[in-house]
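J.: Questions regarding the structure given below will be posed in turn.
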Amino acid sequence: MKVFGEIRHEQVKIGGESGKAYSSLRSTDLFSAAAIMGILALIVINKAGGLIYNRTFGDGLNQLGTNDYLVLAGTFHGVHAITTRLSPIKPQQQVGADGIPGRPDPPSGLEVLETENFWLQCFNTLTGTKFLLFTDTLQTNVDIAMRKVYDLYADYVTKNPFYQLENPIRCDTFDRKLNSYIRETNNAR
Amino acid sequence: MSASKAARVGEEIWKGRVDKVNAELVVLTYGTIVAQLCKDFDSDYVQVNKQLDKMGYNIGLRLIEDYLAKSNTMRRCSNFRETADMLAKVGFKIFLNITPTVTNWTSDNKQFSLVFEENPLADFVELPDDGRAQDELWYSNIFCGVLRGALEMVQMQVEAHFISDVLRGNDTTEMRVSLIRYIDDELPPEDD
């Protein structure tokens with residue numbers, strides 16, 4: 001399912017006047033520097049909805065507070081779960097060629113979120129980890145970048161024996177490889 | 001994905017996307033681990049089997065991401081038969097360059113055997129002749145754990161154990177894998 005929509009300031013202010021934690025999530029604030037291009041940020045959310053990684057790429061990008069990132073991750077996780085249940089089409093029971101009742105594909109939920117200023121692509125791995133890439137609206141080949149990020153994660157995070165699964169990612173090599181890949185991609189534009 | 005396509009995918013990834021490592025290194029490393037465990041647990045082979053399974057489980061939890069990333073798997077298997085084929089023809093292929101045979105399905109399609117014609121872990125190995133190892137030690141038990149861990153991460157609870165091993169003098173090396181259930185997150189019952 002793809003969700004397209006202009007998210008405007010008024011609609012996103014979920015918490016209203018009292019919702020301080022949300023007020024900084026206005027889309028117009030997140031990446032206001034128009035000159036910055038390419039892949040802007042990466043967020044990784046574990047299968048329980050906890051934030052395990054967040055980075056912005058390039059100077060002059062707005063940063064949220066740590067707490068806001070945590071709230072963003074949790075909220076996104078919840079919204080994603082809701083979007084998996086929105087489909088009005090009933091999943092069909094598939095029967096394979098050999099007559100074995102199949103396991104229907106799970107509903108994908110939110111994959112893309114587009115706003116005036118940025119594009120957010122969500123990749124939900126089969127293990128339930130979510131990768132959120134924020135790019136500018138003109139970025140192409142986000143899928144390829146996403147695969148590459150997942151490759152790096154599989155190599156430098158999960159294969160690091162001292163990384164505890166589902167916990168915040170603190171792996172220098174992953175940081176370095178990720179940074180150099182993103183820089184390369186962004187410079188190529 | 002059909003079995004023949006799975007075999008092709010496995011072959012492709014093995015050729016193009018996998019760093020190879022000297023087989024002796026693997027054999028010796030694994031052999032040392034098992035031998036050390038036997039020493040540490042005073043030849044309590046039941047414990048050794050359990051530890052190997054546990055170690056495998058922890059490997060499986062991590063290895064699955066590498067499997068998914070390398071095989072570029074975007075959708076889950078549509079039934080357990082497909083899972084078995086992918087395990088044997090892609091998983092074992094890309095990590096060990098072997099393709100165990102999938103066979104002996106039960107009629108409910110929830111249990112199958114993997115028969116290992118070759119087993120890189122067991123090259124050069126002879127079990128200790130203390131009269132018990134031959135009956136109690138499952139030398140390659142780490143595989144069971146790997147499968148259990150990896151499949152658990154993709155929402156399948158399975159049980160895996162060896163039922164025969166050429167190291168014990170059996171004709172074949174055979175592992176039995178049973179699907180216990182699919183772990184689909186279910187919503188708590190609604191309040192009425």
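Chain labels A, B, ... are given in the sequence in which chains occur in the structure tokens; within each chain residues are numbered consecutively from 1, and ligands are likewise numbered from 1 in the order shown.
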Quick one: residues within 10 Å of A:Thr75, only C-alpha atoms counted, chain neighbours fewer than 4 positions away excluded, as a list of chain:residue names?
T.: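 Skipping anything fewer than 4 positions along the chain leaves A:Tyr22, A:Gly49, A:Gly50, A:Tyr69, A:Leu70, A:Val71, A:Val79, A:His80, A:Ala81.
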J.: Dump as a Markdown table the rows for residues of stretch 64-118 of chain B within 6 Å of stretch 143-154 of chain A: closest atom pair and distance in Å with one decimal, only C-alpha atoms counted, ordered by chain and rising residue number.
T.:
```
| residue | atom | partner | partner_atom | distance |
| --- | --- | --- | --- | --- |
| B:Glu65 | CA | A:Ala154 | CA | 5.3 |
| B:Asp66 | CA | A:Ala154 | CA | 5.0 |
| B:Ala69 | CA | A:Asp151 | CA | 5.5 |
```
J.: Got time to write the residues from that selection, C-alpha atoms, as an mmCIF file, in the first residue's frame?
T.:
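Saved the output as out31.cif:
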```
data_model
loop_
_atom_site.group_PDB
_atom_site.id
_atom_site.type_symbol
_atom_site.label_atom_id
_atom_site.label_comp_id
_atom_site.auth_asym_id
_atom_site.auth_seq_id
_atom_site.Cartn_x
_atom_site.Cartn_y
_atom_site.Cartn_z
ATOM 1 C CA GLU B 65 19.364 -11.221 7.938
ATOM 2 C CA ASP B 66 22.344 -12.136 5.816
ATOM 3 C CA ALA B 69 19.888 -9.586 2.214
#
```
J.: Chain B residues within 12 Å of chain A, counting only C-alpha atoms: which ones, as a PyMOL selection string?
T.: chain B and resi 1-2+17-19+55+58-83+107-110+149-156+181-187
J.: Which of stretch 39-144 of chain B end up as strand (DSSP E) when DSSP is run on this backbone - answer as a list in words?
T.: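 Filtering stretch 39-144 of chain B to strand (DSSP E) leaves Thr101, Val102, Thr103, Gln111, Phe112, Ser113, Leu114, Val115 and Phe116 of chain B.
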J.: I need the residue nearest B:Asn119 from this list: B:Asp44, B:Val27, B:Leu147, B:Asp85. Use only C-alpha atoms for the distance.
T.: B:Val27
J.: Just the alpha helix (DSSP H) stuff from stretch 37-169 of chain A, please, per backbone DSSP, written as a tab-separated table (two decimals) with C-alpha atoms, in the first residue's frame.
T.:
```
chain	number	residue	atom	x	y	z
A	66	THR	CA	16.47	12.22	21.24
A	67	ASN	CA	13.12	11.94	22.91
A	68	ASP	CA	11.36	13.13	19.77
A	69	TYR	CA	13.09	10.48	17.71
A	70	LEU	CA	11.94	7.83	20.16
A	71	VAL	CA	8.39	9.12	19.96
A	72	LEU	CA	8.60	9.30	16.19
A	73	ALA	CA	9.76	5.67	15.98
A	74	GLY	CA	7.06	4.41	18.30
A	75	THR	CA	4.37	6.42	16.57
A	76	PHE	CA	5.47	5.32	13.13
A	77	HIS	CA	5.47	1.72	14.28
A	78	GLY	CA	1.89	2.09	15.47
A	79	VAL	CA	0.73	3.87	12.37
A	80	HIS	CA	2.38	1.20	10.24
A	81	ALA	CA	0.53	-1.50	12.15
A	82	ILE	CA	-2.72	0.32	11.53
A	83	THR	CA	-2.06	0.70	7.81
A	142	VAL	CA	15.59	4.71	-3.36
A	143	ASP	CA	14.97	0.95	-3.53
A	144	ILE	CA	18.57	0.31	-4.47
A	145	ALA	CA	19.83	2.51	-1.66
A	146	MET	CA	17.52	0.66	0.70
A	147	ARG	CA	18.90	-2.74	-0.33
A	148	LYS	CA	22.41	-1.46	0.16
A	149	VAL	CA	21.61	-0.16	3.63
A	150	TYR	CA	20.08	-3.54	4.48
A	151	ASP	CA	23.19	-5.30	3.16
A	152	LEU	CA	25.38	-3.13	5.36
A	153	TYR	CA	23.12	-3.80	8.32
```
J.: Just to confirm, what's the straight-line distance from atom CA of B:Glu117 to atom CA of B:Val166 in Å (one decimal)?
T.: 9.6 Å
J.: One number please: atom CA of B:Gly56 to atom CA of B:Leu127, in Å, one decimal.
T.: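 These two atoms are separated by 20.1 Å.
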J.: Considering only C-alpha atoms, return as a list in words whatever protein or nucleic-acid residues lie within 12 Å of A:Tyr53, sequence-local ones (same chain, fewer than 5 positions apart) excluded.
T.: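 That gives Ala41, Leu42, Ile43, Val44, Ile45, Asn46, Thr66, Tyr69, Leu70, Ala73, Thr129, Lys130, Phe131, Leu132, Leu133, Tyr153, Val157, Glu166, Asn167, Pro168, Ile169, Arg170, Cys171, Phe174, Asp175 and Leu178 of chain A.
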J.: Rounded to one decimal place, report the atom CA of B:Leu114-atom CA of B:Tyr57 distance in Å.
T.: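 Separating atom CA of B:Leu114 from atom CA of B:Tyr57 is a distance of 17.7 Å.
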